[in-house]
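To be precise, the following lines are work_15.pdb, and they hold PDB, C-alpha atoms.
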ATOM      1  CA  MET D   1      -8.592 -40.274  20.552
ATOM      2  CA  ALA D   2      -5.856 -40.373  23.195
ATOM      3  CA  ARG D   3      -2.796 -38.251  22.640
ATOM      4  CA  LEU D   4       0.174 -40.478  21.841
ATOM      5  CA  ALA D   5       2.856 -37.933  22.760
ATOM      6  CA  PRO D   6       2.946 -34.812  24.916
ATOM      7  CA  ALA D   7       2.617 -31.506  23.110
ATOM      8  CA  LEU D   8       5.786 -29.549  22.617
ATOM      9  CA  SER D   9       6.163 -26.331  24.565
ATOM     10  CA  HIS D  10       6.528 -22.990  22.837
ATOM     11  CA  LEU D  11      10.217 -22.948  23.775
ATOM     12  CA  SER D  12      10.825 -26.390  22.261
ATOM     13  CA  GLN D  13       8.961 -25.422  19.102
ATOM     14  CA  LEU D  14      11.050 -22.261  18.785
ATOM     15  CA  ILE D  15      14.315 -24.159  19.191
ATOM     16  CA  LEU D  16      13.355 -26.879  16.713
ATOM     17  CA  ALA D  17      12.136 -24.334  14.175
ATOM     18  CA  THR D  18      15.371 -22.331  14.298
ATOM     19  CA  ILE D  19      17.851 -25.234  14.118
ATOM     20  CA  PRO D  20      17.805 -25.326  10.266
ATOM     21  CA  LEU D  21      18.342 -21.563  10.210
ATOM     22  CA  PHE D  22      21.334 -21.964  12.517
ATOM     23  CA  PHE D  23      22.995 -24.474  10.165
ATOM     24  CA  VAL D  24      22.328 -22.271   7.126
ATOM     25  CA  LEU D  25      23.902 -19.240   8.788
ATOM     26  CA  CYS D  26      26.854 -21.341   9.944
ATOM     27  CA  TYR D  27      27.315 -22.430   6.323
ATOM     28  CA  PHE D  28      27.378 -18.766   5.292
ATOM     29  CA  LEU D  29      30.036 -18.108   7.931
ATOM     30  CA  VAL D  30      32.139 -20.972   6.567
ATOM     31  CA  LEU D  31      31.875 -19.484   3.069
ATOM     32  CA  ALA D  32      32.916 -16.096   4.410
ATOM     33  CA  ALA D  33      35.826 -17.617   6.344
ATOM     34  CA  ASN D  34      37.145 -19.504   3.287
ATOM     35  CA  ARG D  35      36.656 -16.636   0.860
ATOM     36  CA  PRO D  36      40.116 -15.004   1.280
ATOM     37  CA  THR D  37      41.829 -18.387   0.731
ATOM     38  CA  LYS D  38      40.418 -18.796  -2.778
ATOM     39  CA  GLN D  39      43.243 -18.752  -5.294
ATOM     40  CA  TYR D  40      41.458 -16.606  -7.818
ATOM     41  CA  TYR D  41      41.355 -13.748  -5.311
ATOM     42  CA  GLN D  42      45.153 -13.655  -5.488
ATOM     43  CA  TYR D  43      45.082 -13.067  -9.262
ATOM     44  CA  GLN D  44      41.957 -10.940  -9.646
ATOM     45  CA  ASP D  45      44.018  -8.042 -11.084
ATOM     46  CA  ASP D  46      46.321 -10.201 -13.250
ATOM     47  CA  ASP D  47      44.451 -11.905 -16.092
ATOM     48  CA  VAL D  48      47.593 -13.588 -17.454
ATOM     49  CA  ALA D  49      48.504 -15.177 -14.123
ATOM     50  CA  PHE D  50      44.903 -16.214 -13.574
ATOM     51  CA  GLN D  51      44.772 -17.958 -16.971
ATOM     52  CA  GLU D  52      48.074 -19.710 -16.283
ATOM     53  CA  MET D  53      46.688 -20.973 -12.965
ATOM     54  CA  VAL D  54      43.598 -22.362 -14.691
ATOM     55  CA  ASP D  55      45.699 -24.042 -17.413
ATOM     56  CA  ALA D  56      48.038 -25.607 -14.864
ATOM     57  CA  ASP D  57      45.553 -26.690 -12.181
ATOM     58  CA  GLY D  58      42.396 -27.233 -14.204
ATOM     59  CA  PRO D  59      39.011 -25.676 -13.456
ATOM     60  CA  ILE D  60      38.755 -23.433 -10.439
ATOM     61  CA  ASP D  61      36.927 -24.449  -7.294
ATOM     62  CA  PRO D  62      33.298 -25.004  -8.295
ATOM     63  CA  SER D  63      31.924 -24.231  -4.825
ATOM     64  CA  PRO D  64      29.154 -21.604  -4.889
ATOM     65  CA  ILE D  65      30.205 -17.989  -4.668
ATOM     66  CA  ILE D  66      27.757 -15.825  -2.716
ATOM     67  CA  ASP D  67      28.571 -12.166  -2.384
ATOM     68  CA  LEU D  68      29.579 -11.225   1.129
ATOM     69  CA  ASP D  69      27.276  -8.228   0.814
ATOM     70  CA  TYR D  70      24.268 -10.527   0.493
ATOM     71  CA  ILE D  71      25.408 -12.678   3.406
ATOM     72  CA  LEU D  72      25.819  -9.545   5.505
ATOM     73  CA  TYR D  73      22.308  -8.409   4.571
ATOM     74  CA  VAL D  74      20.917 -11.760   5.710
ATOM     75  CA  PHE D  75      22.659 -11.560   9.082
ATOM     76  CA  LEU D  76      21.585  -7.959   9.630
ATOM     77  CA  ALA D  77      17.987  -8.752   8.674
ATOM     78  CA  PHE D  78      17.793 -11.589  11.186
ATOM     79  CA  PHE D  79      19.519  -9.433  13.785
ATOM     80  CA  VAL D  80      16.797  -6.781  13.445
ATOM     81  CA  LEU D  81      14.022  -9.399  13.517
ATOM     82  CA  TRP D  82      15.325 -11.106  16.645
ATOM     83  CA  LEU D  83      15.957  -7.753  18.318
ATOM     84  CA  CYS D  84      12.361  -6.676  17.663
ATOM     85  CA  GLY D  85      11.113 -10.006  19.014
ATOM     86  CA  ALA D  86      13.205  -9.652  22.166
ATOM     87  CA  VAL D  87      11.910  -6.111  22.744
ATOM     88  CA  TYR D  88       8.351  -7.389  22.322
ATOM     89  CA  ILE D  89       8.809 -10.330  24.719
ATOM     90  CA  GLY D  90      11.001  -8.526  27.244
ATOM     91  CA  ILE D  91       9.339  -5.093  27.376
ATOM     92  CA  PHE D  92       5.955  -4.940  25.663
ATOM     93  CA  VAL D  93       4.451  -8.189  27.019
ATOM     94  CA  PRO D  94       5.242  -7.477  30.723
ATOM     95  CA  LYS D  95       3.870  -3.935  30.377
ATOM     96  CA  ARG D  96       0.721  -5.288  28.748
ATOM     97  CA  HIS D  97       0.241  -7.817  31.557
ATOM     98  CA  LYS D  98       0.759  -5.069  34.122
ATOM     99  CA  LEU D  99      -1.850  -2.922  32.359
ATOM    100  CA  ILE D 100      -4.384  -5.771  32.329
ATOM    101  CA  ASP D 101      -3.721  -6.373  36.028
ATOM    102  CA  ALA D 102      -4.429  -2.685  36.655
ATOM    103  CA  TYR D 103      -7.747  -2.966  34.806
ATOM    104  CA  VAL D 104      -8.719  -5.966  36.940
ATOM    105  CA  THR D 105      -7.657  -4.579  40.323
ATOM    106  CA  GLU D 106      -7.927  -0.779  40.062
ATOM    107  CA  SER D 107     -10.527   0.102  37.441
ATOM    108  CA  GLN D 108     -14.046   1.290  38.094
ATOM    109  CA  SER D 109     -17.020  -0.119  36.236
ATOM    110  CA  ILE D 110     -19.553   2.077  34.411
ATOM    111  CA  ILE D 111     -22.273   1.452  31.861
ATOM    112  CA  GLY D 112     -21.745   1.982  28.144
ATOM    113  CA  ASP D 113     -22.564   0.729  24.669
ATOM    114  CA  VAL D 114     -20.469  -1.278  22.218
ATOM    115  CA  LYS D 115     -21.134  -0.944  18.496
ATOM    116  CA  TYR D 116     -19.539  -3.423  16.125
ATOM    117  CA  THR D 117     -19.426  -2.854  12.370
ATOM    118  CA  PRO D 118     -18.457  -5.866  10.209
ATOM    119  CA  ARG D 119     -15.483  -5.301   7.957
ATOM    120  CA  ARG D 120     -16.444  -4.397   4.407
ATOM    121  CA  ASN D 121     -13.049  -4.514   2.735
ATOM    122  CA  LEU D 122     -10.915  -7.261   1.209
ATOM    123  CA  ARG D 123     -10.025  -8.663   4.613
ATOM    124  CA  PHE D 124     -13.602  -9.928   4.912
ATOM    125  CA  PHE D 125     -13.026 -12.267   1.950
ATOM    126  CA  CYS D 126      -9.613 -13.475   3.071
ATOM    127  CA  SER D 127     -10.181 -16.166   5.686
ATOM    128  CA  LEU D 128      -6.495 -16.432   6.607
ATOM    129  CA  TRP D 129      -6.102 -12.698   7.205
ATOM    130  CA  LYS D 130      -9.426 -12.595   9.031
ATOM    131  CA  ARG D 131      -8.226 -15.380  11.316
ATOM    132  CA  PHE D 132      -5.215 -13.418  12.555
ATOM    133  CA  SER D 133      -6.300  -9.798  12.177
ATOM    134  CA  PRO D 134      -7.956  -8.186  15.236
ATOM    135  CA  GLU D 135     -11.574  -7.092  15.408
ATOM    136  CA  TYR D 136     -12.475  -3.551  16.475
ATOM    137  CA  SER D 137     -15.612  -1.941  17.809
ATOM    138  CA  ILE D 138     -16.726   1.517  18.918
ATOM    139  CA  ILE D 139     -17.571   2.022  22.590
ATOM    140  CA  THR D 140     -19.506   4.967  23.979
ATOM    141  CA  TYR D 141     -19.899   5.791  27.658
ATOM    142  CA  ARG D 142     -20.426   8.698  30.028
ATOM    143  CA  HIS D 143     -17.678   9.102  32.538
ATOM    144  CA  PRO D 144     -18.857  10.014  36.052
ATOM    145  CA  ASP D 145     -15.770  11.953  37.178
ATOM    146  CA  PRO D 146     -16.321  15.673  37.902
ATOM    147  CA  VAL D 147     -14.879  18.136  35.432
ATOM    148  CA  GLU D 148     -13.459  21.594  36.155
ATOM    149  CA  ASP D 149     -15.607  24.416  34.795
ATOM    150  CA  GLY D 150     -13.678  27.637  35.088
ATOM    151  CA  ILE D 151     -13.015  28.404  38.760
ATOM    152  CA  THR D 152     -15.735  26.223  40.203
ATOM    153  CA  ARG D 153     -15.939  22.436  39.931
ATOM    154  CA  ASN D 154     -19.263  21.072  38.798
ATOM    155  CA  SER D 155     -19.699  17.699  40.488
ATOM    156  CA  ASP D 156     -22.709  16.892  38.304
ATOM    157  CA  ALA D 157     -20.865  17.301  35.024
ATOM    158  CA  ARG D 158     -20.819  14.361  32.632
ATOM    159  CA  TYR D 159     -19.126  13.985  29.261
ATOM    160  CA  VAL D 160     -19.331  11.374  26.549
ATOM    161  CA  VAL D 161     -16.296   9.339  25.488
ATOM    162  CA  THR D 162     -16.275   7.562  22.118
ATOM    163  CA  LYS D 163     -13.303   5.450  21.045
ATOM    164  CA  LYS D 164     -12.319   2.455  18.944
ATOM    165  CA  VAL D 165     -11.029  -0.563  20.843
ATOM    166  CA  ARG D 166     -10.056  -4.108  20.037
ATOM    167  CA  THR D 167     -12.713  -6.645  20.894
ATOM    168  CA  TYR D 168     -12.872 -10.400  21.268
ATOM    169  CA  GLN D 169     -16.656 -10.390  20.891
ATOM    170  CA  PRO D 170     -17.526  -9.133  17.378
ATOM    171  CA  PHE D 171     -21.129  -8.069  17.948
ATOM    172  CA  SER D 172     -22.950  -4.980  19.211
ATOM    173  CA  ARG D 173     -23.971  -4.727  22.869
ATOM    174  CA  GLU D 174     -25.945  -2.180  24.886
ATOM    175  CA  LYS D 175     -25.648  -1.227  28.542
ATOM    176  CA  VAL D 176     -22.624  -3.361  29.263
ATOM    177  CA  ALA D 177     -19.925  -2.879  31.891
ATOM    178  CA  ILE D 178     -16.999  -0.675  30.822
ATOM    179  CA  SER D 179     -13.784  -0.707  32.863
ATOM    180  CA  VAL D 180     -12.058   2.681  33.257
ATOM    181  CA  LEU D 181      -8.759   3.344  35.035
ATOM    182  CA  PRO D 182      -8.796   6.041  37.739
ATOM    183  CA  GLY D 183      -7.777   9.450  36.391
ATOM    184  CA  LEU D 184      -7.796   8.218  32.767
ATOM    185  CA  PRO D 185     -11.274   8.949  31.390
ATOM    186  CA  ARG D 186     -10.439   7.702  27.877
ATOM    187  CA  SER D 187      -9.086   4.345  29.045
ATOM    188  CA  GLY D 188     -12.434   2.575  28.851
ATOM    189  CA  GLN D 189     -12.461  -1.079  27.755
ATOM    190  CA  PRO D 190     -15.365  -3.540  27.705
ATOM    191  CA  GLN D 191     -15.117  -5.508  30.928
ATOM    192  CA  SER D 192     -15.839  -8.817  29.186
ATOM    193  CA  ASP D 193     -12.870  -8.240  26.846
ATOM    194  CA  ILE D 194     -10.639  -7.397  29.811
ATOM    195  CA  GLU D 195     -11.676 -10.625  31.524
ATOM    196  CA  TYR D 196     -10.957 -12.600  28.354
ATOM    197  CA  ASP D 197      -7.544 -10.940  27.989
ATOM    198  CA  PHE D 198      -6.751 -11.520  31.659
ATOM    199  CA  ALA D 199      -7.698 -15.193  31.459
ATOM    200  CA  SER D 200      -5.557 -15.700  28.341
ATOM    201  CA  PHE D 201      -2.320 -15.149  30.262
ATOM    202  CA  THR D 202      -3.346 -16.424  33.710
ATOM    203  CA  ASP D 203      -4.374 -19.953  32.689
ATOM    204  CA  ALA D 204      -0.736 -21.026  32.882
ATOM    205  CA  LYS D 205       0.510 -18.266  35.140
ATOM    206  CA  SER D 206       2.701 -20.584  37.203
ATOM    207  CA  GLY D 207       5.040 -21.360  34.300
ATOM    208  CA  ARG D 208       4.569 -18.158  32.330
ATOM    209  CA  LYS D 209       7.656 -16.364  33.636
ATOM    210  CA  ASP D 210       9.933 -19.367  33.145
ATOM    211  CA  ARG D 211       8.627 -19.910  29.626
ATOM    212  CA  ALA D 212       9.016 -16.243  28.704
ATOM    213  CA  ARG D 213      12.526 -16.209  30.194
ATOM    214  CA  GLY D 214      13.490 -19.266  28.154
ATOM    215  CA  ILE D 215      12.154 -17.750  24.913
ATOM    216  CA  LEU D 216      13.935 -14.490  25.704
ATOM    217  CA  ASN D 217      17.211 -16.367  26.283
ATOM    218  CA  VAL D 218      16.885 -18.037  22.870
ATOM    219  CA  MET D 219      16.272 -14.643  21.264
ATOM    220  CA  LEU D 220      19.273 -13.136  23.056
ATOM    221  CA  PHE D 221      21.432 -15.981  21.736
ATOM    222  CA  TRP D 222      20.289 -15.207  18.190
ATOM    223  CA  ILE D 223      20.884 -11.492  18.677
ATOM    224  CA  VAL D 224      24.464 -12.088  19.816
ATOM    225  CA  PHE D 225      25.066 -14.732  17.121
ATOM    226  CA  THR D 226      23.809 -12.585  14.241
ATOM    227  CA  LEU D 227      25.610  -9.493  15.558
ATOM    228  CA  LEU D 228      28.943 -11.298  15.889
ATOM    229  CA  GLY D 229      28.386 -12.923  12.501
ATOM    230  CA  SER D 230      27.792  -9.511  10.923
ATOM    231  CA  ILE D 231      30.985  -8.167  12.490
ATOM    232  CA  PHE D 232      32.958 -11.194  11.255
ATOM    233  CA  ILE D 233      31.647 -10.776   7.707
ATOM    234  CA  CYS D 234      32.564  -7.072   7.769
ATOM    235  CA  LEU D 235      36.094  -8.026   8.832
ATOM    236  CA  GLN D 236      36.318 -10.537   5.973
ATOM    237  CA  MET D 237      35.119  -7.909   3.499
ATOM    238  CA  ASN D 238      37.733  -5.496   4.820
ATOM    239  CA  ARG D 239      40.374  -8.213   4.491
ATOM    240  CA  LEU D 240      39.482  -8.789   0.842
ATOM    241  CA  ASP D 241      39.469  -5.067   0.139
ATOM    242  CA  GLY D 242      42.891  -4.797   1.702
ATOM    243  CA  SER D 243      44.250  -7.504  -0.564
ATOM    244  CA  ASP D 244      43.233  -5.626  -3.729
TER     245      ASP D 244
END
Using structure tokens, write down the structure from this file.
Amino acid sequence: MARLAPALSHLSQLILATIPLFFVLCYFLVLAANRPTKQYYQYQDDDVAFQEMVDADGPIDPSPIIDLDYILYVFLAFFVLWLCGAVYIGIFVPKRHKLIDAYVTESQSIIGDVKYTPRRNLRFFCSLWKRFSPEYSIITYRHPDPVEDGITRNSDARYVVTKKVRTYQPFSREKVAISVLPGLPRSGQPQSDIEYDFASFTDAKSGRKDRARGILNVMLFWIVFTLLGSIFICLQMNRLDGSD
């Protein structure tokens, strides 16, 4: 079946998904801005005057009253979440891409074994968790680099490296290529997994930087917005405390 409309980009999906959140937080800011103007805050220590105001003007404003503490917690929670996301996109992802590039261009290939053990815990029965949780396997290989032995260097020395790594191919394999970075004997990764990882972020390499920059800009906007909102709410709380 032909596609009727072009697929939305990740940036467009992020913007559309966060628009309702933006309006909700703006509504919280409006509540915080109008809080000091409520009449009952002017009589909170005078029960007689408060009762006279109710008798004269009728019921008080029925608009919802949400504690400023709770609103502040919401803004701070989203501030931390967006900050973590920005650190991941702006720092972790470029470093990961640089590491994969190093595996492709600088690593040496040796022979090793990959042993995969199916998960035997509750995650095995949870299809949703299994869909998003990574698979791991144990790789074993002999590194060919010489090792110092006291004063002399034995060029024929070999040692076995065993480690757990993430894998995209959940099955056991024998005598497969293992990529190892120079000078890092415990950096071995199955070469097929490195190729899969490398292809995952080079398929759209031409627009990858622009897309990541756009997503990072959206996250920076949310970081500034939630930070300024938190500061504004703190000022409103201080204003109410000062009117006591």
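For the pair atom CA of Ala199 of chain D and atom CA of Leu99 of chain D, the separation is 13.6 Å.
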Could you jot down the atom CA of Leu68 of chain D to atom CA of Asn217 of chain D separation for me, Å, one decimal place?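 Going from atom CA of Leu68 of chain D over to atom CA of Asn217 of chain D covers 28.5 Å.
For the choices D:Thr105, D:Thr162, D:Ser230, D:Asn238, the atom-to-atom distance to Glu195 of chain D is smallest for D:Thr105 when using only C-alpha atoms.
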Output check: residues returned by the PyMOL selection byres ((chain D and resi 28) around 12), as JSON, numbers by chain: {"D": [21, 22, 23, 24, 25, 26, 27, 29, 30, 31, 32, 33, 34, 35, 64, 65, 66, 67, 68, 69, 70, 71, 72, 73, 74, 75, 226, 229, 230, 232, 233]}
So that I have them on file, write out the residues from the current selection with C-alpha atoms, as a PDB file, in the coordinates of the input.
ATOM      1  CA  LEU D  21      18.342 -21.563  10.210  1.00  0.00           C
ATOM      2  CA  PHE D  22      21.334 -21.964  12.517  1.00  0.00           C
ATOM      3  CA  PHE D  23      22.995 -24.474  10.165  1.00  0.00           C
ATOM      4  CA  VAL D  24      22.328 -22.271   7.126  1.00  0.00           C
ATOM      5  CA  LEU D  25      23.902 -19.240   8.788  1.00  0.00           C
ATOM      6  CA  CYS D  26      26.854 -21.341   9.944  1.00  0.00           C
ATOM      7  CA  TYR D  27      27.315 -22.430   6.323  1.00  0.00           C
ATOM      8  CA  LEU D  29      30.036 -18.108   7.931  1.00  0.00           C
ATOM      9  CA  VAL D  30      32.139 -20.972   6.567  1.00  0.00           C
ATOM     10  CA  LEU D  31      31.875 -19.484   3.069  1.00  0.00           C
ATOM     11  CA  ALA D  32      32.916 -16.096   4.410  1.00  0.00           C
ATOM     12  CA  ALA D  33      35.826 -17.617   6.344  1.00  0.00           C
ATOM     13  CA  ASN D  34      37.145 -19.504   3.287  1.00  0.00           C
ATOM     14  CA  ARG D  35      36.656 -16.636   0.860  1.00  0.00           C
ATOM     15  CA  PRO D  64      29.154 -21.604  -4.889  1.00  0.00           C
ATOM     16  CA  ILE D  65      30.205 -17.989  -4.668  1.00  0.00           C
ATOM     17  CA  ILE D  66      27.757 -15.825  -2.716  1.00  0.00           C
ATOM     18  CA  ASP D  67      28.571 -12.166  -2.384  1.00  0.00           C
ATOM     19  CA  LEU D  68      29.579 -11.225   1.129  1.00  0.00           C
ATOM     20  CA  ASP D  69      27.276  -8.228   0.814  1.00  0.00           C
ATOM     21  CA  TYR D  70      24.268 -10.527   0.493  1.00  0.00           C
ATOM     22  CA  ILE D  71      25.408 -12.678   3.406  1.00  0.00           C
ATOM     23  CA  LEU D  72      25.819  -9.545   5.505  1.00  0.00           C
ATOM     24  CA  TYR D  73      22.308  -8.409   4.571  1.00  0.00           C
ATOM     25  CA  VAL D  74      20.917 -11.760   5.710  1.00  0.00           C
ATOM     26  CA  PHE D  75      22.659 -11.560   9.082  1.00  0.00           C
ATOM     27  CA  THR D 226      23.809 -12.585  14.241  1.00  0.00           C
ATOM     28  CA  GLY D 229      28.386 -12.923  12.501  1.00  0.00           C
ATOM     29  CA  SER D 230      27.792  -9.511  10.923  1.00  0.00           C
ATOM     30  CA  PHE D 232      32.958 -11.194  11.255  1.00  0.00           C
ATOM     31  CA  ILE D 233      31.647 -10.776   7.707  1.00  0.00           C
TER      32      ILE D 233
END
Return as JSON the box centre and box size in Å, one decimal, for an axis-aligned box around all listed atoms of segment 213-232 of chain D padded by 3 Å per side.
{"center_x": 22.6, "center_y": -13.7, "center_z": 20.6, "size_x": 26.8, "size_y": 17.1, "size_z": 25.3}
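When all atoms listed in the file are used to measure the gap to Asp193 of chain D, the shortest distance among D:Cys84, D:Ala17, D:Val93, D:Ile178 belongs to D:Ile178.
Straight-line separation from atom CA of Arg239 of chain D to atom CA of Leu227 of chain D: 18.5 Å.
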For Leu181 of chain D, please output as a PyMOL selection string all residues within 12 Å (counting all atoms listed in the file; exclusion window: fewer than 2 positions along the same chain). chain D and resi 99-110+143+145+178-179+183-189+191
Return the single residue from D:Val180, D:Leu16, D:Ile89, D:Ile139 that is closest to Thr167 of chain D, with distances computed using all atoms listed in the file.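 Nearest candidate to Thr167 of chain D out of D:Val180, D:Leu16, D:Ile89, D:Ile139: D:Ile139.
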In file coordinates, which residues lie within 6 Å of (19.2, -11.7, 16.2) using all atoms listed in the file, given as number ranges by chain? D: 78-79, 82-83, 222-223, 226
